[in-house]
Protein chains: 2
Amino acid sequence: MKPPTQNRANQTLVLALLRSQQRFMRAMGPAFRSANLTASQWDTLETLSNKGPLSVNDLMRLTLSSSGNLDVVVKNLVQAGFIEKAVDEKDRRVRVLCLTSEGHQKVADFMPTHNRTLDEIFSHLNAQQKRETITILNRFRKALD
Amino acid sequence: MKPPTQNRANQTLVLALLRSQQRFMRAMGPAFRSANLTASQWDTLETLSNKGPLSVNDLMRLTLSSSGNLDVVVKNLVQAGFIEKAVDEKDRRVRVLCLTSEGHQKVADFMPTHNRTLDEIFSHLNAQQKRETITILNRFRKALD
DNA sequence: GTTATTTATCCCTATATAGGGATAATATCA
DNA sequence: TGATATTATCCCTATATAGGGATAAATAAC
């Protein structure tokens, strides 16, 4: 006799995760659009703002994006004037990305809007509920390693 | 004096959600690729399999996709021969989508692989932990309405 | 020190994704 | 009925996304 499968639970879990992310992204959409940024662009700018200059490879790991993907996002951010790409003289394979002054300004400008939008989106969750959600998601992620 | 902001918690929550989804999709990638399906295509096929024939609009609501998005996914699935699109004679604006026999076969073929892959991906979560994650995510989603 | 391997980046292709505008069918209302 | 509004779908454009292959630089092996 086979053990009872978790198929139903697994599928429910997948749906819960994907739909949560979709709903959140939809809710964020207008704020990003009004700032002329995409979610990925903001993710990149915010990461560079927090961590300082990073190689393409480091950024790829931090944002969990693929090479072909990040390349496009970076290209559009360079073209917009928000980041610069320079050869690392210590290892000439490496390209170091850093915010331009326009990039820093953009982060400074959008951050308040971003925070306000998140506050609105999450306004029906109290601090305790947010902590619980974070804890559960961190455990979930760790289990996927 | 201003109330303490939840900015840090909000940003942590966002990161936890997005990175969880990214990690999960990465883990699923190979299985989808070996079946020559994308995640969105499978989402669509599975939904049609569960719910039966649906209008484009209904499918859009169930899969939380945008019109321009679903259009592309449906086009590729029609071209692959997995679904058919027909005019609804009761309301000639509506297109009804349904699985072809090849579509039903594809769902039947891939479902075991899909279930096995989910079992592996979630192997470090027990039944209780899965339930907790589902509960928390459902609450999260409800809070976003 | 030359060869092999690894690593970092970039390019190519296919598909996904979102919003907005266009179009046609339907429903509403004066 | 005729004008208007709503709805369902489709199309267009820009960007994101992933994998795989190409290339160059650096490292390791011998």
# chains A, B, ... in the order shown; residues from 1 in each chain; ligands from 1
>>> closest_atom_pairs(of="chain A", to="chain B", cutoff="7 Å", atoms="only C-alpha atoms", output="JSON lines")
{"residue": "A:Asn7", "atom": "CA", "partner": "B:Asn115", "partner_atom": "CA", "distance": 6.0}
{"residue": "A:Ala9", "atom": "CA", "partner": "B:Lys130", "partner_atom": "CA", "distance": 7.0}
{"residue": "A:Asn10", "atom": "CA", "partner": "B:Leu118", "partner_atom": "CA", "distance": 6.4}
{"residue": "A:Leu13", "atom": "CA", "partner": "B:Ile134", "partner_atom": "CA", "distance": 5.4}
{"residue": "A:Ala16", "atom": "CA", "partner": "B:Leu137", "partner_atom": "CA", "distance": 5.9}
{"residue": "A:Leu17", "atom": "CA", "partner": "B:Leu137", "partner_atom": "CA", "distance": 6.7}
{"residue": "A:Leu18", "atom": "CA", "partner": "B:Gln21", "partner_atom": "CA", "distance": 6.7}
{"residue": "A:Ser20", "atom": "CA", "partner": "B:Arg141", "partner_atom": "CA", "distance": 5.4}
{"residue": "A:Gln21", "atom": "CA", "partner": "B:Leu17", "partner_atom": "CA", "distance": 6.7}
{"residue": "A:Gln22", "atom": "CA", "partner": "B:Leu64", "partner_atom": "CA", "distance": 6.8}
{"residue": "A:Leu64", "atom": "CA", "partner": "B:Gln22", "partner_atom": "CA", "distance": 6.8}
{"residue": "A:Asn115", "atom": "CA", "partner": "B:Asn7", "partner_atom": "CA", "distance": 6.0}
{"residue": "A:Leu118", "atom": "CA", "partner": "B:Asn10", "partner_atom": "CA", "distance": 6.4}
{"residue": "A:Ile121", "atom": "CA", "partner": "B:Leu144", "partner_atom": "CA", "distance": 6.1}
{"residue": "A:Phe122", "atom": "CA", "partner": "B:Leu144", "partner_atom": "CA", "distance": 6.7}
{"residue": "A:His124", "atom": "CA", "partner": "B:Ala143", "partner_atom": "CA", "distance": 5.2}
{"residue": "A:Leu125", "atom": "CA", "partner": "B:Ala143", "partner_atom": "CA", "distance": 6.4}
{"residue": "A:Lys130", "atom": "CA", "partner": "B:Leu13", "partner_atom": "CA", "distance": 6.8}
{"residue": "A:Thr133", "atom": "CA", "partner": "B:Ile136", "partner_atom": "CA", "distance": 6.1}
{"residue": "A:Ile134", "atom": "CA", "partner": "B:Leu13", "partner_atom": "CA", "distance": 5.4}
{"residue": "A:Ile136", "atom": "CA", "partner": "B:Thr133", "partner_atom": "CA", "distance": 6.1}
{"residue": "A:Leu137", "atom": "CA", "partner": "B:Ala16", "partner_atom": "CA", "distance": 5.9}
{"residue": "A:Asn138", "atom": "CA", "partner": "B:Ala16", "partner_atom": "CA", "distance": 6.4}
{"residue": "A:Arg141", "atom": "CA", "partner": "B:Ser20", "partner_atom": "CA", "distance": 5.4}
{"residue": "A:Ala143", "atom": "CA", "partner": "B:His124", "partner_atom": "CA", "distance": 5.2}
{"residue": "A:Leu144", "atom": "CA", "partner": "B:Ile121", "partner_atom": "CA", "distance": 6.1}
>>> interface_residues(of="chain B", to="chain D", cutoff="9 Å", atoms="only C-alpha atoms (C1' of nucleotides)", output="PyMOL selection string")
chain B and resi 29+56-57+67-68+71+93-95
>>> write_last_selection(atoms="all heavy atoms", output="PDB file, in the first residue's frame")
ATOM      1  N   GLY B  29      11.609  24.749 -13.273  1.00  0.00           N
ATOM      2  CA  GLY B  29      12.034  24.958 -14.647  1.00  0.00           C
ATOM      3  C   GLY B  29      12.363  23.711 -15.447  1.00  0.00           C
ATOM      4  O   GLY B  29      11.755  23.482 -16.509  1.00  0.00           O
ATOM      5  N   VAL B  56     -12.244  33.212 -22.591  1.00  0.00           N
ATOM      6  CA  VAL B  56     -10.963  33.872 -22.402  1.00  0.00           C
ATOM      7  C   VAL B  56     -11.010  34.736 -21.141  1.00  0.00           C
ATOM      8  O   VAL B  56     -10.064  34.759 -20.345  1.00  0.00           O
ATOM      9  CB  VAL B  56     -10.634  34.749 -23.633  1.00  0.00           C
ATOM     10  CG1 VAL B  56      -9.424  35.628 -23.353  1.00  0.00           C
ATOM     11  CG2 VAL B  56     -10.383  33.871 -24.847  1.00  0.00           C
ATOM     12  N   ASN B  57     -12.123  35.396 -20.960  1.00  0.00           N
ATOM     13  CA  ASN B  57     -12.282  36.283 -19.809  1.00  0.00           C
ATOM     14  C   ASN B  57     -12.244  35.525 -18.480  1.00  0.00           C
ATOM     15  O   ASN B  57     -11.578  35.931 -17.533  1.00  0.00           O
ATOM     16  CB  ASN B  57     -13.608  37.040 -19.940  1.00  0.00           C
ATOM     17  CG  ASN B  57     -13.583  38.348 -19.185  1.00  0.00           C
ATOM     18  OD1 ASN B  57     -12.517  38.931 -18.983  1.00  0.00           O
ATOM     19  ND2 ASN B  57     -14.752  38.792 -18.759  1.00  0.00           N
ATOM     20  N   SER B  67      -4.990  40.672 -20.346  1.00  0.00           N
ATOM     21  CA  SER B  67      -5.547  40.279 -21.640  1.00  0.00           C
ATOM     22  C   SER B  67      -4.439  40.044 -22.668  1.00  0.00           C
ATOM     23  O   SER B  67      -4.417  39.033 -23.356  1.00  0.00           O
ATOM     24  CB  SER B  67      -6.528  41.334 -22.131  1.00  0.00           C
ATOM     25  OG  SER B  67      -5.860  42.519 -22.495  1.00  0.00           O
ATOM     26  N   GLY B  68      -3.519  40.990 -22.729  1.00  0.00           N
ATOM     27  CA  GLY B  68      -2.457  40.871 -23.713  1.00  0.00           C
ATOM     28  C   GLY B  68      -1.562  39.682 -23.466  1.00  0.00           C
ATOM     29  O   GLY B  68      -0.959  39.144 -24.394  1.00  0.00           O
ATOM     30  N   ASP B  71      -3.549  36.219 -24.233  1.00  0.00           N
ATOM     31  CA  ASP B  71      -3.668  36.101 -25.680  1.00  0.00           C
ATOM     32  C   ASP B  71      -2.480  35.348 -26.273  1.00  0.00           C
ATOM     33  O   ASP B  71      -2.652  34.457 -27.111  1.00  0.00           O
ATOM     34  CB  ASP B  71      -3.752  37.505 -26.290  1.00  0.00           C
ATOM     35  CG  ASP B  71      -4.244  37.462 -27.720  1.00  0.00           C
ATOM     36  OD1 ASP B  71      -5.308  36.855 -27.944  1.00  0.00           O
ATOM     37  OD2 ASP B  71      -3.570  38.017 -28.593  1.00  0.00           O
ATOM     38  N   ARG B  93     -19.381  37.751 -28.771  1.00  0.00           N
ATOM     39  CA  ARG B  93     -18.118  38.371 -28.387  1.00  0.00           C
ATOM     40  C   ARG B  93     -17.193  37.345 -27.739  1.00  0.00           C
ATOM     41  O   ARG B  93     -15.966  37.459 -27.791  1.00  0.00           O
ATOM     42  CB  ARG B  93     -18.364  39.488 -27.355  1.00  0.00           C
ATOM     43  CG  ARG B  93     -19.096  40.678 -27.870  1.00  0.00           C
ATOM     44  CD  ARG B  93     -19.471  41.582 -26.717  1.00  0.00           C
ATOM     45  NE  ARG B  93     -20.326  40.892 -25.732  1.00  0.00           N
ATOM     46  CZ  ARG B  93     -20.853  41.492 -24.683  1.00  0.00           C
ATOM     47  NH1 ARG B  93     -20.599  42.765 -24.451  1.00  0.00           N
ATOM     48  NH2 ARG B  93     -21.621  40.822 -23.862  1.00  0.00           N
ATOM     49  N   VAL B  94     -17.806  36.349 -27.131  1.00  0.00           N
ATOM     50  CA  VAL B  94     -17.064  35.412 -26.281  1.00  0.00           C
ATOM     51  C   VAL B  94     -16.407  34.303 -27.098  1.00  0.00           C
ATOM     52  O   VAL B  94     -17.000  33.767 -28.033  1.00  0.00           O
ATOM     53  CB  VAL B  94     -18.013  34.792 -25.231  1.00  0.00           C
ATOM     54  CG1 VAL B  94     -17.301  33.719 -24.417  1.00  0.00           C
ATOM     55  CG2 VAL B  94     -18.597  35.879 -24.342  1.00  0.00           C
ATOM     56  N   ARG B  95     -15.136  33.993 -26.743  1.00  0.00           N
ATOM     57  CA  ARG B  95     -14.446  32.832 -27.302  1.00  0.00           C
ATOM     58  C   ARG B  95     -14.321  31.796 -26.213  1.00  0.00           C
ATOM     59  O   ARG B  95     -13.802  32.090 -25.129  1.00  0.00           O
ATOM     60  CB  ARG B  95     -13.062  33.217 -27.812  1.00  0.00           C
ATOM     61  CG  ARG B  95     -13.043  34.287 -28.890  1.00  0.00           C
ATOM     62  CD  ARG B  95     -13.672  33.776 -30.178  1.00  0.00           C
ATOM     63  NE  ARG B  95     -13.591  34.797 -31.221  1.00  0.00           N
ATOM     64  CZ  ARG B  95     -14.448  35.810 -31.341  1.00  0.00           C
ATOM     65  NH1 ARG B  95     -15.439  35.917 -30.476  1.00  0.00           N
ATOM     66  NH2 ARG B  95     -14.312  36.688 -32.315  1.00  0.00           N
TER      67      ARG B  95
END
>>> closest_residue(among="B:Asn69, B:Gln105, B:Thr44, B:Asn36", to="chain C", atoms="only C-alpha atoms (C1' of nucleotides)")
B:Asn69
>>> residues_around(residues="DT15 (chain C)", least_positions_apart="5", cutoff="10 Å", atoms="only C-alpha atoms (C1' of nucleotides)", output="short mmCIF file (atom, residue, chain, number, x, y, z; two decimals) with N, CA and C atoms (P, O5', C5', C4', C3', O3' and C1' of nucleotides), in the first residue's frame")
data_model
loop_
_atom_site.label_atom_id
_atom_site.label_comp_id
_atom_site.auth_asym_id
_atom_site.auth_seq_id
_atom_site.Cartn_x
_atom_site.Cartn_y
_atom_site.Cartn_z
N THR B 38 5.67 25.79 -20.87
CA THR B 38 6.06 26.85 -19.95
C THR B 38 5.11 26.80 -18.74
N SER B 40 3.21 29.10 -17.60
CA SER B 40 1.91 29.70 -17.93
C SER B 40 1.06 28.76 -18.77
N VAL B 72 -1.29 35.70 -25.83
CA VAL B 72 -0.09 35.05 -26.34
C VAL B 72 -0.02 33.60 -25.91
N VAL B 73 -0.29 33.35 -24.65
CA VAL B 73 -0.23 31.98 -24.13
C VAL B 73 -1.23 31.10 -24.88
N ASN B 76 -0.12 30.29 -28.44
CA ASN B 76 0.89 29.24 -28.51
C ASN B 76 0.32 27.86 -28.21
P DT D 17 11.63 39.87 -14.70
"O5'" DT D 17 11.98 38.49 -15.39
"C5'" DT D 17 10.92 37.60 -15.69
"C4'" DT D 17 11.42 36.49 -16.57
"C3'" DT D 17 12.78 35.93 -16.17
"O3'" DT D 17 12.58 34.78 -15.36
"C1'" DT D 17 12.45 36.05 -18.54
P DA D 18 13.81 34.03 -14.75
"O5'" DA D 18 14.18 32.99 -15.89
"C5'" DA D 18 13.15 32.17 -16.41
"C4'" DA D 18 13.73 31.27 -17.47
"C3'" DA D 18 15.13 30.75 -17.13
"O3'" DA D 18 15.14 29.33 -17.20
"C1'" DA D 18 15.10 31.76 -19.29
#
>>> residues_around(residues="Pro53 (chain B)", least_positions_apart="3", cutoff="9 Å", atoms="only C-alpha atoms (C1' of nucleotides)", output="PyMOL selection string")
chain B and resi 48-49+96-99
>>> atom_distance(atom1="CA of Ala35 (chain B)", atom2="CA of Met111 (chain B)")
10.5 Å
>>> closest_residue(among="C:DT13, C:DT23, C:DT2, C:DT7", to="chain B", atoms="only C-alpha atoms (C1' of nucleotides)")
C:DT23
>>> select_by_dssp(residues="chain A", states="helix (DSSP H, G or I)", output="PDB file with C-alpha atoms, in the first residue's frame")
ATOM      1  CA  ASN A   7      -0.369  15.972  -4.332  1.00  0.00           C
ATOM      2  CA  ARG A   8      -3.381  18.017  -3.325  1.00  0.00           C
ATOM      3  CA  ALA A   9      -1.502  19.941  -0.656  1.00  0.00           C
ATOM      4  CA  ASN A  10       1.416  20.551  -3.005  1.00  0.00           C
ATOM      5  CA  GLN A  11      -0.807  21.912  -5.746  1.00  0.00           C
ATOM      6  CA  THR A  12      -2.692  24.110  -3.308  1.00  0.00           C
ATOM      7  CA  LEU A  13       0.588  25.439  -1.974  1.00  0.00           C
ATOM      8  CA  VAL A  14       1.833  26.257  -5.474  1.00  0.00           C
ATOM      9  CA  LEU A  15      -1.366  28.068  -6.329  1.00  0.00           C
ATOM     10  CA  ALA A  16      -1.287  30.028  -3.084  1.00  0.00           C
ATOM     11  CA  LEU A  17       2.266  31.129  -3.738  1.00  0.00           C
ATOM     12  CA  LEU A  18       1.855  32.054  -7.395  1.00  0.00           C
ATOM     13  CA  ARG A  19      -1.448  33.850  -6.930  1.00  0.00           C
ATOM     14  CA  SER A  20      -0.092  35.784  -3.971  1.00  0.00           C
ATOM     15  CA  GLN A  21       2.809  37.006  -6.001  1.00  0.00           C
ATOM     16  CA  GLN A  22       0.570  37.876  -8.953  1.00  0.00           C
ATOM     17  CA  ARG A  23      -1.821  39.832  -6.785  1.00  0.00           C
ATOM     18  CA  PHE A  24       0.978  41.712  -5.151  1.00  0.00           C
ATOM     19  CA  MET A  25       2.589  42.611  -8.470  1.00  0.00           C
ATOM     20  CA  ARG A  26      -0.721  43.826  -9.827  1.00  0.00           C
ATOM     21  CA  ALA A  27      -1.188  45.994  -6.784  1.00  0.00           C
ATOM     22  CA  MET A  28       2.289  47.504  -7.209  1.00  0.00           C
ATOM     23  CA  GLY A  29       1.884  48.046 -10.940  1.00  0.00           C
ATOM     24  CA  PRO A  30       0.468  51.585 -10.998  1.00  0.00           C
ATOM     25  CA  ALA A  31       3.147  52.950  -8.644  1.00  0.00           C
ATOM     26  CA  PHE A  32       5.949  51.557 -10.774  1.00  0.00           C
ATOM     27  CA  ARG A  33       4.328  52.762 -13.941  1.00  0.00           C
ATOM     28  CA  SER A  34       3.877  56.272 -12.679  1.00  0.00           C
ATOM     29  CA  ALA A  39       9.629  45.965 -10.894  1.00  0.00           C
ATOM     30  CA  SER A  40      12.895  44.421 -12.059  1.00  0.00           C
ATOM     31  CA  GLN A  41      14.458  47.794 -12.629  1.00  0.00           C
ATOM     32  CA  TRP A  42      13.496  48.881  -9.149  1.00  0.00           C
ATOM     33  CA  ASP A  43      14.772  45.634  -7.681  1.00  0.00           C
ATOM     34  CA  THR A  44      18.107  46.305  -9.361  1.00  0.00           C
ATOM     35  CA  LEU A  45      18.318  49.958  -8.359  1.00  0.00           C
ATOM     36  CA  GLU A  46      17.355  49.212  -4.774  1.00  0.00           C
ATOM     37  CA  THR A  47      19.906  46.410  -4.523  1.00  0.00           C
ATOM     38  CA  LEU A  48      22.684  48.616  -5.865  1.00  0.00           C
ATOM     39  CA  SER A  49      21.601  51.341  -3.474  1.00  0.00           C
ATOM     40  CA  ASN A  50      21.708  48.994  -0.486  1.00  0.00           C
ATOM     41  CA  LYS A  51      24.811  47.012  -1.330  1.00  0.00           C
ATOM     42  CA  VAL A  56      26.834  41.571 -12.871  1.00  0.00           C
ATOM     43  CA  ASN A  57      27.330  38.149 -11.381  1.00  0.00           C
ATOM     44  CA  ASP A  58      26.759  39.293  -7.794  1.00  0.00           C
ATOM     45  CA  LEU A  59      23.675  41.167  -8.829  1.00  0.00           C
ATOM     46  CA  MET A  60      22.473  38.077 -10.626  1.00  0.00           C
ATOM     47  CA  ARG A  61      22.731  36.053  -7.429  1.00  0.00           C
ATOM     48  CA  LEU A  62      21.163  38.706  -5.225  1.00  0.00           C
ATOM     49  CA  THR A  63      18.175  39.254  -7.476  1.00  0.00           C
ATOM     50  CA  SER A  67      22.099  36.053 -17.121  1.00  0.00           C
ATOM     51  CA  GLY A  68      20.057  36.716 -20.219  1.00  0.00           C
ATOM     52  CA  ASN A  69      17.479  38.426 -18.094  1.00  0.00           C
ATOM     53  CA  LEU A  70      19.659  40.726 -16.061  1.00  0.00           C
ATOM     54  CA  ASP A  71      21.481  41.742 -19.200  1.00  0.00           C
ATOM     55  CA  VAL A  72      18.310  43.290 -20.579  1.00  0.00           C
ATOM     56  CA  VAL A  73      17.353  44.998 -17.344  1.00  0.00           C
ATOM     57  CA  VAL A  74      20.848  46.437 -16.971  1.00  0.00           C
ATOM     58  CA  LYS A  75      20.882  47.586 -20.575  1.00  0.00           C
ATOM     59  CA  ASN A  76      17.663  49.509 -20.084  1.00  0.00           C
ATOM     60  CA  LEU A  77      18.893  51.064 -16.829  1.00  0.00           C
ATOM     61  CA  VAL A  78      22.179  52.103 -18.439  1.00  0.00           C
ATOM     62  CA  GLN A  79      20.273  53.601 -21.346  1.00  0.00           C
ATOM     63  CA  ALA A  80      18.050  55.481 -18.909  1.00  0.00           C
ATOM     64  CA  SER A 101      23.907  60.435  -9.490  1.00  0.00           C
ATOM     65  CA  GLU A 102      20.681  60.279 -11.480  1.00  0.00           C
ATOM     66  CA  GLY A 103      20.276  56.719 -10.213  1.00  0.00           C
ATOM     67  CA  HIS A 104      20.759  57.791  -6.599  1.00  0.00           C
ATOM     68  CA  GLN A 105      18.289  60.586  -7.174  1.00  0.00           C
ATOM     69  CA  LYS A 106      15.746  58.219  -8.675  1.00  0.00           C
ATOM     70  CA  VAL A 107      16.008  55.911  -5.669  1.00  0.00           C
ATOM     71  CA  ALA A 108      15.650  58.848  -3.295  1.00  0.00           C
ATOM     72  CA  ASP A 109      12.665  60.136  -5.250  1.00  0.00           C
ATOM     73  CA  PHE A 110      10.782  56.875  -5.564  1.00  0.00           C
ATOM     74  CA  MET A 111      11.490  55.348  -2.160  1.00  0.00           C
ATOM     75  CA  PRO A 112       8.853  57.396  -0.303  1.00  0.00           C
ATOM     76  CA  THR A 113       6.221  56.548  -2.908  1.00  0.00           C
ATOM     77  CA  HIS A 114       7.260  52.925  -2.797  1.00  0.00           C
ATOM     78  CA  ASN A 115       6.994  52.813   0.983  1.00  0.00           C
ATOM     79  CA  ARG A 116       3.637  54.522   0.954  1.00  0.00           C
ATOM     80  CA  THR A 117       2.333  52.096  -1.653  1.00  0.00           C
ATOM     81  CA  LEU A 118       3.494  49.116   0.383  1.00  0.00           C
ATOM     82  CA  ASP A 119       1.809  50.573   3.446  1.00  0.00           C
ATOM     83  CA  GLU A 120      -1.448  50.796   1.534  1.00  0.00           C
ATOM     84  CA  ILE A 121      -1.153  47.355  -0.015  1.00  0.00           C
ATOM     85  CA  ALA A 127       2.818  43.925  12.358  1.00  0.00           C
ATOM     86  CA  GLN A 128       2.368  40.509  13.913  1.00  0.00           C
ATOM     87  CA  GLN A 129       0.808  39.099  10.754  1.00  0.00           C
ATOM     88  CA  LYS A 130       3.605  40.509   8.645  1.00  0.00           C
ATOM     89  CA  ARG A 131       6.174  38.876  10.894  1.00  0.00           C
ATOM     90  CA  GLU A 132       4.360  35.546  10.643  1.00  0.00           C
ATOM     91  CA  THR A 133       4.226  35.751   6.880  1.00  0.00           C
ATOM     92  CA  ILE A 134       7.915  36.595   6.673  1.00  0.00           C
ATOM     93  CA  THR A 135       8.824  33.726   8.992  1.00  0.00           C
ATOM     94  CA  ILE A 136       6.770  31.213   7.059  1.00  0.00           C
ATOM     95  CA  LEU A 137       8.130  32.369   3.708  1.00  0.00           C
ATOM     96  CA  ASN A 138      11.699  32.247   4.968  1.00  0.00           C
ATOM     97  CA  ARG A 139      11.181  28.697   6.149  1.00  0.00           C
ATOM     98  CA  PHE A 140       9.604  27.844   2.819  1.00  0.00           C
ATOM     99  CA  ARG A 141      12.551  29.276   0.924  1.00  0.00           C
ATOM    100  CA  LYS A 142      15.079  27.517   3.105  1.00  0.00           C
ATOM    101  CA  ALA A 143      13.281  24.242   2.458  1.00  0.00           C
TER     102      ALA A 143
END
>>> interface_residues(of="chain C", to="chain A", cutoff="12 Å", atoms="only C-alpha atoms (C1' of nucleotides)", output="list of chain:residue names")
C:DT7, C:DA8, C:DT9, C:DC10, C:DC11, C:DC12, C:DT13, C:DT17, C:DA18, C:DG19
>>> write_last_selection(atoms="N, CA, C and O atoms (P, O5', C5', C4', C3', O3' and C1' of nucleotides)", output="mmCIF file, in the first residue's frame")
data_model
loop_
_atom_site.group_PDB
_atom_site.id
_atom_site.type_symbol
_atom_site.label_atom_id
_atom_site.label_comp_id
_atom_site.auth_asym_id
_atom_site.auth_seq_id
_atom_site.Cartn_x
_atom_site.Cartn_y
_atom_site.Cartn_z
ATOM 1 P P DT C 7 34.189 27.548 -11.530
ATOM 2 O "O5'" DT C 7 34.148 29.034 -12.096
ATOM 3 C "C5'" DT C 7 35.269 29.881 -11.896
ATOM 4 C "C4'" DT C 7 35.048 31.173 -12.641
ATOM 5 C "C3'" DT C 7 33.625 31.731 -12.501
ATOM 6 O "O3'" DT C 7 33.723 32.997 -11.885
ATOM 7 C "C1'" DT C 7 34.380 31.793 -14.759
ATOM 8 P P DA C 8 32.468 33.902 -11.650
ATOM 9 O "O5'" DA C 8 32.501 34.821 -12.946
ATOM 10 C "C5'" DA C 8 33.525 35.797 -13.078
ATOM 11 C "C4'" DA C 8 33.129 36.781 -14.167
ATOM 12 C "C3'" DA C 8 31.703 37.303 -14.037
ATOM 13 O "O3'" DA C 8 31.705 38.713 -14.195
ATOM 14 C "C1'" DA C 8 32.016 36.264 -16.167
ATOM 15 P P DT C 9 30.331 39.525 -14.142
ATOM 16 O "O5'" DT C 9 29.966 39.610 -15.689
ATOM 17 C "C5'" DT C 9 30.913 40.187 -16.560
ATOM 18 C "C4'" DT C 9 30.546 39.912 -18.004
ATOM 19 C "C3'" DT C 9 29.194 40.467 -18.460
ATOM 20 O "O3'" DT C 9 29.466 41.619 -19.249
ATOM 21 C "C1'" DT C 9 29.700 38.349 -19.434
ATOM 22 P P DC C 10 28.241 42.469 -19.831
ATOM 23 O "O5'" DC C 10 27.934 41.741 -21.226
ATOM 24 C "C5'" DC C 10 28.981 41.611 -22.172
ATOM 25 C "C4'" DC C 10 28.486 40.777 -23.343
ATOM 26 C "C3'" DC C 10 27.158 41.257 -23.939
ATOM 27 O "O3'" DC C 10 27.369 41.468 -25.339
ATOM 28 C "C1'" DC C 10 27.124 38.917 -23.543
ATOM 29 P P DC C 11 26.276 42.175 -26.211
ATOM 30 O "O5'" DC C 11 25.668 40.952 -27.043
ATOM 31 C "C5'" DC C 11 26.549 40.116 -27.779
ATOM 32 C "C4'" DC C 11 25.787 38.938 -28.354
ATOM 33 C "C3'" DC C 11 24.439 39.300 -28.991
ATOM 34 O "O3'" DC C 11 24.359 38.644 -30.252
ATOM 35 C "C1'" DC C 11 24.150 37.574 -27.399
ATOM 36 P P DC C 12 23.206 39.026 -31.284
ATOM 37 O "O5'" DC C 12 22.304 37.719 -31.189
ATOM 38 C "C5'" DC C 12 22.907 36.444 -31.384
ATOM 39 C "C4'" DC C 12 21.862 35.360 -31.266
ATOM 40 C "C3'" DC C 12 20.483 35.775 -31.796
ATOM 41 O "O3'" DC C 12 19.993 34.776 -32.680
ATOM 42 C "C1'" DC C 12 20.303 35.004 -29.555
ATOM 43 P P DT C 13 18.645 35.066 -33.513
ATOM 44 O "O5'" DT C 13 17.582 34.202 -32.716
ATOM 45 C "C5'" DT C 13 17.865 32.829 -32.425
ATOM 46 C "C4'" DT C 13 16.776 32.255 -31.563
ATOM 47 C "C3'" DT C 13 15.369 32.722 -31.955
ATOM 48 O "O3'" DT C 13 14.508 31.614 -32.088
ATOM 49 C "C1'" DT C 13 15.745 33.079 -29.640
ATOM 50 P P DT C 17 3.653 34.818 -17.554
ATOM 51 O "O5'" DT C 17 3.444 36.375 -17.617
ATOM 52 C "C5'" DT C 17 4.466 37.209 -17.062
ATOM 53 C "C4'" DT C 17 4.225 38.627 -17.475
ATOM 54 C "C3'" DT C 17 2.750 39.058 -17.401
ATOM 55 O "O3'" DT C 17 2.541 39.704 -16.158
ATOM 56 C "C1'" DT C 17 3.944 39.995 -19.276
ATOM 57 P P DA C 18 1.081 40.234 -15.767
ATOM 58 O "O5'" DA C 18 1.089 41.689 -16.380
ATOM 59 C "C5'" DA C 18 2.152 42.562 -16.024
ATOM 60 C "C4'" DA C 18 1.915 43.894 -16.684
ATOM 61 C "C3'" DA C 18 0.450 44.306 -16.684
ATOM 62 O "O3'" DA C 18 0.318 45.593 -16.100
ATOM 63 C "C1'" DA C 18 1.372 44.419 -18.892
ATOM 64 P P DG C 19 -1.112 46.175 -15.806
ATOM 65 O "O5'" DG C 19 -1.225 47.283 -16.940
ATOM 66 C "C5'" DG C 19 -0.135 48.182 -17.090
ATOM 67 C "C4'" DG C 19 -0.306 48.981 -18.351
ATOM 68 C "C3'" DG C 19 -1.692 49.587 -18.519
ATOM 69 O "O3'" DG C 19 -1.540 50.955 -18.900
ATOM 70 C "C1'" DG C 19 -1.115 48.327 -20.441
#
>>> select_by_dssp(residues="chain B", states="strand (DSSP E or B)", output="list in words")
Leu54, Ser55, Ile83, Glu84, Lys85, Ala86, Val87, Arg95, Val96, Leu97, Cys98 and Leu99 of chain B
>>> atom_distance(atom1="C1' of DA16 (chain C)", atom2="CA of Thr100 (chain B)")
22.8 Å
>>> atom_distance(atom1="CA of Leu54 (chain B)", atom2="C1' of DA27 (chain C)")
21.8 Å
